[in-house]
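Heads up, the thing below is written out as structure tokens.
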Amino acid sequence: MSLYYTQKLLYQLNRDPALRRRLEQDMEGLLAESELTDEERRAIREPDIGLLYVMGVNGQILMHFAAMRGYEWSAYLEAMREGEHRYGPVRTGLYTRAEGR
Amino acid sequence: MSLVFAGVCSHAPGITGRSERADPAVRDAFYAAFDRMRQALEEARPDVLIVVGAEHFANFFMNNMPAICVGMAEHYEGPIEDEAWLAIKRRRIPGAPKLSRELIQEVMSDIDLAYAEEWKFDHGIMVPLHFLTPRYDLPVIPVNINCQGPPLIPLHRCYEFGRALRRACDARPERIAVIGTGGISHWPATPDSGRINERWDREFLEKFLANRREELIAYRDDETWREAGQGGFEIRTFIAVAGATEGCTGDLWFYAPIPIFAVGCTVAVMGLKSSAV
């Protein structure tokens, strides 16, 4: 797992218009340069917002990446719920489930 | 002259970005409270507005995360988010670099700070400015307390930062306003978005408005996380304002959970005892 680098790439995409253009024009090249696992590359490529959430990507980063990739607010929330259903509970980070939640 | 105004408010992006999806009656009452705060701020005739916020990975990331950072730029830009998503148009906001530099230097006698001469405002500052300085003509000094990426600064240090900021402001001739902006309980940007622990919020607000330091700094992050969500870490911004207004109490001008805004929407103003007011 390289959650740090997954989040870093999304953080950079959120704040850098030039990098967003690169994502549109040369996604594979950009993903190849990053220290990511195949699963992480796939999650960003598709994008699989639910999987990124389950991996532990912070929502304050993920919600902007989701909006960038065309997810309306309700669709974004639903994608995370689907991710938990499909891949199981959040694996690490702030969103691992609390007792009784 | 020191502080001429102090208050706290919410900043969630849904407040502007999803306004049409809220119950109009509650939403409009909240907006009216924001406007009342704008009027009070204007009547205080500040030269500068310090915004103690909790940004969300707009400028700071885990490669070099400051516990507290103060802006020192000629100007700022925001919002960093998509304009349509936030429903706030991107613009330039004036800074106050000389005052920033001198306040930072003074505060550093008590608290270690990072500073930044480049800063893109996210919704954490842009939403309050949208309501409170709609002409964007009041110079702003942004302050960020890291409330997103643990390890987080302890609460008693946030109170100390507020005290130090007040001491620095007391030594200045300028008329200075300060607002803290954060959520109380909330689970923003997660599947639980819209969940709000009103009981927890009201209990916290009671302690905040009475400025009971010992009770404010007694919150533990693990308990806050369980009962108030990761968004509850943003009480740091309120606690800094409590430190800056030590000995003063406040009035709650608005509180109501608005789930589509993902937060218990809050506007509160502290009564200042300073002769400057």
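Residue numbering restarts at 1 for every chain of the structure tokens, chains are lettered A, B, ... in their displayed order, and ligands are numbered from 1 as they appear.
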At most 9 Å to chain A: residues in chain B, only C-alpha atoms, as an NGL selection string: :B and (18 or 56-59 or 61-63 or 80-82 or 85 or 120 or 148-150 or 188-193 or 225-226 or 230)
Store the residues of this selection in a file with N, CA and C atoms, as a PDB file, in the first residue's frame.
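Result went into result_20.pdb, see below:
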ATOM      1  N   ARG B  18     -24.401  23.945  -1.964  1.00  0.00           N
ATOM      2  CA  ARG B  18     -25.631  23.151  -2.028  1.00  0.00           C
ATOM      3  C   ARG B  18     -26.798  23.918  -1.399  1.00  0.00           C
ATOM      4  N   HIS B  56      -8.248  22.301   4.175  1.00  0.00           N
ATOM      5  CA  HIS B  56      -8.509  20.894   3.865  1.00  0.00           C
ATOM      6  C   HIS B  56      -7.623  20.433   2.721  1.00  0.00           C
ATOM      7  N   PHE B  57      -6.315  20.401   2.947  1.00  0.00           N
ATOM      8  CA  PHE B  57      -5.354  19.945   1.934  1.00  0.00           C
ATOM      9  C   PHE B  57      -5.410  20.813   0.673  1.00  0.00           C
ATOM     10  N   ALA B  58      -5.529  22.119   0.859  1.00  0.00           N
ATOM     11  CA  ALA B  58      -5.430  23.031  -0.277  1.00  0.00           C
ATOM     12  C   ALA B  58      -3.996  23.490  -0.461  1.00  0.00           C
ATOM     13  N   ASN B  59      -3.325  23.798   0.646  1.00  0.00           N
ATOM     14  CA  ASN B  59      -1.943  24.288   0.601  1.00  0.00           C
ATOM     15  C   ASN B  59      -0.972  23.378   1.334  1.00  0.00           C
ATOM     16  N   PHE B  61       0.138  19.644   3.050  1.00  0.00           N
ATOM     17  CA  PHE B  61      -0.010  18.205   2.884  1.00  0.00           C
ATOM     18  C   PHE B  61       0.948  17.515   3.844  1.00  0.00           C
ATOM     19  N   MET B  62       0.834  16.198   3.905  1.00  0.00           N
ATOM     20  CA  MET B  62       1.607  15.460   4.898  1.00  0.00           C
ATOM     21  C   MET B  62       3.109  15.391   4.576  1.00  0.00           C
ATOM     22  N   ASN B  63       3.531  16.020   3.471  1.00  0.00           N
ATOM     23  CA  ASN B  63       4.967  16.075   3.196  1.00  0.00           C
ATOM     24  C   ASN B  63       5.654  17.138   4.051  1.00  0.00           C
ATOM     25  N   ILE B  80      -9.851  27.742  -4.199  1.00  0.00           N
ATOM     26  CA  ILE B  80      -9.048  26.795  -4.957  1.00  0.00           C
ATOM     27  C   ILE B  80      -9.958  25.749  -5.616  1.00  0.00           C
ATOM     28  N   GLU B  81     -11.131  25.550  -5.040  1.00  0.00           N
ATOM     29  CA  GLU B  81     -12.068  24.561  -5.584  1.00  0.00           C
ATOM     30  C   GLU B  81     -12.716  25.086  -6.868  1.00  0.00           C
ATOM     31  N   ASP B  82     -13.369  24.192  -7.565  1.00  0.00           N
ATOM     32  CA  ASP B  82     -14.144  24.564  -8.742  1.00  0.00           C
ATOM     33  C   ASP B  82     -15.178  25.629  -8.346  1.00  0.00           C
ATOM     34  N   TRP B  85     -18.740  24.364  -8.215  1.00  0.00           N
ATOM     35  CA  TRP B  85     -18.952  23.411  -7.117  1.00  0.00           C
ATOM     36  C   TRP B  85     -19.206  24.144  -5.813  1.00  0.00           C
ATOM     37  N   LYS B 120      -3.533  29.640  -1.232  1.00  0.00           N
ATOM     38  CA  LYS B 120      -4.803  29.619  -1.962  1.00  0.00           C
ATOM     39  C   LYS B 120      -5.906  29.239  -0.989  1.00  0.00           C
ATOM     40  N   GLN B 148      -6.657  18.286  10.074  1.00  0.00           N
ATOM     41  CA  GLN B 148      -6.989  17.221   9.127  1.00  0.00           C
ATOM     42  C   GLN B 148      -6.065  16.007   9.241  1.00  0.00           C
ATOM     43  N   GLY B 149      -4.779  16.267   9.313  1.00  0.00           N
ATOM     44  CA  GLY B 149      -3.826  15.172   9.241  1.00  0.00           C
ATOM     45  C   GLY B 149      -3.092  14.965  10.548  1.00  0.00           C
ATOM     46  N   PRO B 150      -3.534  14.017  11.374  1.00  0.00           N
ATOM     47  CA  PRO B 150      -2.848  13.768  12.646  1.00  0.00           C
ATOM     48  C   PRO B 150      -1.395  13.352  12.416  1.00  0.00           C
ATOM     49  N   PRO B 188     -17.590  15.231   7.541  1.00  0.00           N
ATOM     50  CA  PRO B 188     -17.658  15.770   6.182  1.00  0.00           C
ATOM     51  C   PRO B 188     -16.984  14.870   5.153  1.00  0.00           C
ATOM     52  N   ALA B 189     -17.544  14.891   3.954  1.00  0.00           N
ATOM     53  CA  ALA B 189     -16.934  14.231   2.789  1.00  0.00           C
ATOM     54  C   ALA B 189     -16.825  12.722   2.942  1.00  0.00           C
ATOM     55  N   THR B 190     -17.646  12.147   3.808  1.00  0.00           N
ATOM     56  CA  THR B 190     -17.677  10.694   4.009  1.00  0.00           C
ATOM     57  C   THR B 190     -19.108  10.212   3.772  1.00  0.00           C
ATOM     58  N   PRO B 191     -19.319   8.892   3.761  1.00  0.00           N
ATOM     59  CA  PRO B 191     -20.699   8.399   3.624  1.00  0.00           C
ATOM     60  C   PRO B 191     -21.606   8.873   4.754  1.00  0.00           C
ATOM     61  N   ASP B 192     -21.029   9.294   5.865  1.00  0.00           N
ATOM     62  CA  ASP B 192     -21.820   9.787   6.994  1.00  0.00           C
ATOM     63  C   ASP B 192     -22.062  11.293   6.920  1.00  0.00           C
ATOM     64  N   SER B 193     -21.708  11.898   5.815  1.00  0.00           N
ATOM     65  CA  SER B 193     -21.949  13.338   5.664  1.00  0.00           C
ATOM     66  C   SER B 193     -23.419  13.645   5.945  1.00  0.00           C
ATOM     67  N   TRP B 225     -13.400  12.083  18.118  1.00  0.00           N
ATOM     68  CA  TRP B 225     -13.525  11.310  16.879  1.00  0.00           C
ATOM     69  C   TRP B 225     -14.730  10.375  16.930  1.00  0.00           C
ATOM     70  N   ARG B 226     -14.922   9.734  18.086  1.00  0.00           N
ATOM     71  CA  ARG B 226     -16.043   8.797  18.203  1.00  0.00           C
ATOM     72  C   ARG B 226     -17.397   9.512  18.229  1.00  0.00           C
ATOM     73  N   GLN B 230     -14.401  13.017  12.605  1.00  0.00           N
ATOM     74  CA  GLN B 230     -13.086  13.622  12.359  1.00  0.00           C
ATOM     75  C   GLN B 230     -13.207  15.127  12.153  1.00  0.00           C
TER      76      GLN B 230
END
Residue list (helix (DSSP H, G or I), DSSP) for range 54-267 of chain B, as an MDAnalysis selection string: chainID B and resid 83:86 97:107 123:132 155:170 198:209 213:216 221:228 230:244 259:261
Which of B:Pro142, B:Cys9, B:Gly229, B:Ala54 sits closest to Gly124 in chain B [using only C-alpha atoms]: B:Ala54
For CA of Ala177 in chain B and CA of Glu74 in chain B, the interatomic separation in Å (one decimal): 18.4 Å
Near-range 35-48 of chain A list (10 Å; only C-alpha atoms; drop same-chain fewer than 5 positions) as a PyMOL selection string: chain A and resi 1-6+9-10+23+27-28+30+53+55+65-66+69+79-80+83
Range 33-46 of chain B environment, 12 Å, only C-alpha atoms, sequence neighbours closer than 6 positions dropped, as a PyMOL selection string: chain B and resi 1-11+15+26-27+127-135+137-140+173-179+251-256+265-272+276-277
Residues just named, written with N, CA and C atoms as a compact mmCIF listing (two decimals), in the first residue's frame:
# COMPACT_ATOMS: atom_id res chain seq x y z
N MET B 1 -4.37 49.15 19.64
CA MET B 1 -5.84 49.15 19.63
C MET B 1 -6.39 47.77 19.92
N SER B 2 -5.67 46.75 19.47
CA SER B 2 -6.03 45.35 19.75
C SER B 2 -7.30 44.92 19.03
N LEU B 3 -7.95 43.93 19.63
CA LEU B 3 -9.11 43.33 18.98
C LEU B 3 -10.33 44.23 19.10
N VAL B 4 -11.01 44.40 17.99
CA VAL B 4 -12.26 45.17 18.01
C VAL B 4 -13.46 44.28 17.71
N PHE B 5 -13.19 43.02 17.32
CA PHE B 5 -14.28 42.10 17.02
C PHE B 5 -13.73 40.68 17.11
N ALA B 6 -14.54 39.78 17.64
CA ALA B 6 -14.16 38.36 17.68
C ALA B 6 -15.41 37.50 17.59
N GLY B 7 -15.33 36.47 16.81
CA GLY B 7 -16.47 35.58 16.67
C GLY B 7 -16.07 34.26 16.04
N VAL B 8 -17.06 33.40 15.86
CA VAL B 8 -16.83 32.11 15.21
C VAL B 8 -18.00 31.84 14.25
N CYS B 9 -17.70 31.04 13.25
CA CYS B 9 -18.77 30.67 12.32
C CYS B 9 -18.39 29.37 11.60
N SER B 10 -19.37 28.80 10.95
CA SER B 10 -19.16 27.58 10.16
C SER B 10 -18.60 27.95 8.78
N HIS B 11 -18.09 26.94 8.08
CA HIS B 11 -17.51 27.22 6.76
C HIS B 11 -17.77 26.11 5.74
N ILE B 15 -22.67 25.10 2.41
CA ILE B 15 -23.39 26.32 2.79
C ILE B 15 -23.63 27.21 1.57
N VAL B 26 -34.77 27.35 7.42
CA VAL B 26 -33.59 27.26 8.30
C VAL B 26 -32.39 27.91 7.61
N ARG B 27 -32.24 27.63 6.33
CA ARG B 27 -31.11 28.21 5.58
C ARG B 27 -31.15 29.74 5.64
N VAL B 127 -15.88 30.63 2.29
CA VAL B 127 -17.30 30.68 2.67
C VAL B 127 -17.55 31.78 3.71
N PRO B 128 -16.75 31.86 4.78
CA PRO B 128 -16.95 33.00 5.70
C PRO B 128 -16.79 34.36 5.00
N LEU B 129 -15.76 34.51 4.15
CA LEU B 129 -15.57 35.80 3.49
C LEU B 129 -16.74 36.14 2.58
N HIS B 130 -17.30 35.13 1.93
CA HIS B 130 -18.45 35.34 1.04
C HIS B 130 -19.58 36.07 1.78
N PHE B 131 -19.77 35.71 3.04
CA PHE B 131 -20.85 36.33 3.81
C PHE B 131 -20.38 37.58 4.57
N LEU B 132 -19.16 37.57 5.06
CA LEU B 132 -18.74 38.61 6.01
C LEU B 132 -18.04 39.79 5.35
N THR B 133 -17.35 39.56 4.26
CA THR B 133 -16.70 40.66 3.53
C THR B 133 -17.03 40.49 2.04
N PRO B 134 -18.29 40.64 1.68
CA PRO B 134 -18.71 40.31 0.32
C PRO B 134 -18.06 41.16 -0.76
N ARG B 135 -17.48 42.31 -0.38
CA ARG B 135 -16.75 43.12 -1.38
C ARG B 135 -15.28 42.71 -1.44
N ASP B 137 -12.81 43.54 0.28
CA ASP B 137 -11.95 44.73 0.34
C ASP B 137 -11.25 44.89 1.68
N LEU B 138 -11.52 44.01 2.63
CA LEU B 138 -10.87 44.07 3.94
C LEU B 138 -9.64 43.16 3.92
N PRO B 139 -8.45 43.71 4.21
CA PRO B 139 -7.26 42.85 4.21
C PRO B 139 -7.42 41.69 5.19
N VAL B 140 -6.96 40.54 4.77
CA VAL B 140 -7.12 39.31 5.55
C VAL B 140 -5.75 38.74 5.92
N PRO B 173 -1.26 49.28 16.89
CA PRO B 173 -2.20 50.40 16.74
C PRO B 173 -3.42 50.07 15.88
N GLU B 174 -3.32 49.02 15.07
CA GLU B 174 -4.42 48.71 14.14
C GLU B 174 -5.65 48.18 14.89
N ARG B 175 -6.79 48.35 14.27
CA ARG B 175 -8.04 47.75 14.76
C ARG B 175 -8.15 46.38 14.10
N ILE B 176 -8.13 45.34 14.91
CA ILE B 176 -8.01 43.98 14.39
C ILE B 176 -9.25 43.16 14.77
N ALA B 177 -9.82 42.50 13.77
CA ALA B 177 -10.92 41.56 13.99
C ALA B 177 -10.39 40.14 13.84
N VAL B 178 -10.97 39.23 14.59
CA VAL B 178 -10.57 37.82 14.45
C VAL B 178 -11.83 36.95 14.42
N ILE B 179 -11.85 36.03 13.48
CA ILE B 179 -12.91 35.01 13.52
C ILE B 179 -12.26 33.63 13.45
N ASP B 251 -22.02 35.27 22.78
CA ASP B 251 -23.45 35.06 22.54
C ASP B 251 -23.63 34.22 21.28
N LEU B 252 -24.54 33.26 21.40
CA LEU B 252 -24.85 32.41 20.25
C LEU B 252 -25.92 33.10 19.41
N TRP B 253 -25.58 33.44 18.19
CA TRP B 253 -26.53 34.13 17.31
C TRP B 253 -27.28 33.13 16.42
N PHE B 254 -26.69 31.95 16.22
CA PHE B 254 -27.41 30.94 15.44
C PHE B 254 -26.76 29.60 15.67
N TYR B 255 -27.59 28.58 15.86
CA TYR B 255 -27.13 27.20 15.77
C TYR B 255 -28.29 26.35 15.29
N ALA B 256 -28.06 25.60 14.26
CA ALA B 256 -29.05 24.61 13.81
C ALA B 256 -28.35 23.58 12.94
N CYS B 265 -24.82 24.36 11.85
CA CYS B 265 -24.43 25.69 11.37
C CYS B 265 -24.45 26.69 12.52
N THR B 266 -23.37 27.41 12.67
CA THR B 266 -23.12 28.20 13.87
C THR B 266 -22.66 29.61 13.54
N VAL B 267 -23.20 30.57 14.25
CA VAL B 267 -22.66 31.94 14.26
C VAL B 267 -22.68 32.39 15.71
N ALA B 268 -21.54 32.82 16.23
CA ALA B 268 -21.44 33.30 17.60
C ALA B 268 -20.44 34.45 17.67
N VAL B 269 -20.70 35.37 18.57
CA VAL B 269 -19.84 36.54 18.69
C VAL B 269 -19.44 36.71 20.15
N MET B 270 -18.18 37.01 20.35
CA MET B 270 -17.67 37.21 21.71
C MET B 270 -17.83 38.67 22.12
N GLY B 271 -18.19 38.90 23.35
CA GLY B 271 -18.24 40.26 23.88
C GLY B 271 -16.87 40.64 24.39
N LEU B 272 -16.27 41.67 23.80
CA LEU B 272 -14.90 42.06 24.17
C LEU B 272 -14.92 43.11 25.26
N ALA B 276 -10.70 49.16 23.43
CA ALA B 276 -10.63 49.50 22.00
C ALA B 276 -11.98 49.46 21.32
N VAL B 277 -12.91 48.70 21.88
CA VAL B 277 -14.18 48.48 21.17
C VAL B 277 -15.03 49.74 21.18
Atomic distance CA of Asn197 in chain B - CA of Phe233 in chain B, expressed in Å with one decimal: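 Value for the CA of Asn197 in chain B-CA of Phe233 in chain B distance: 13.7 Å.
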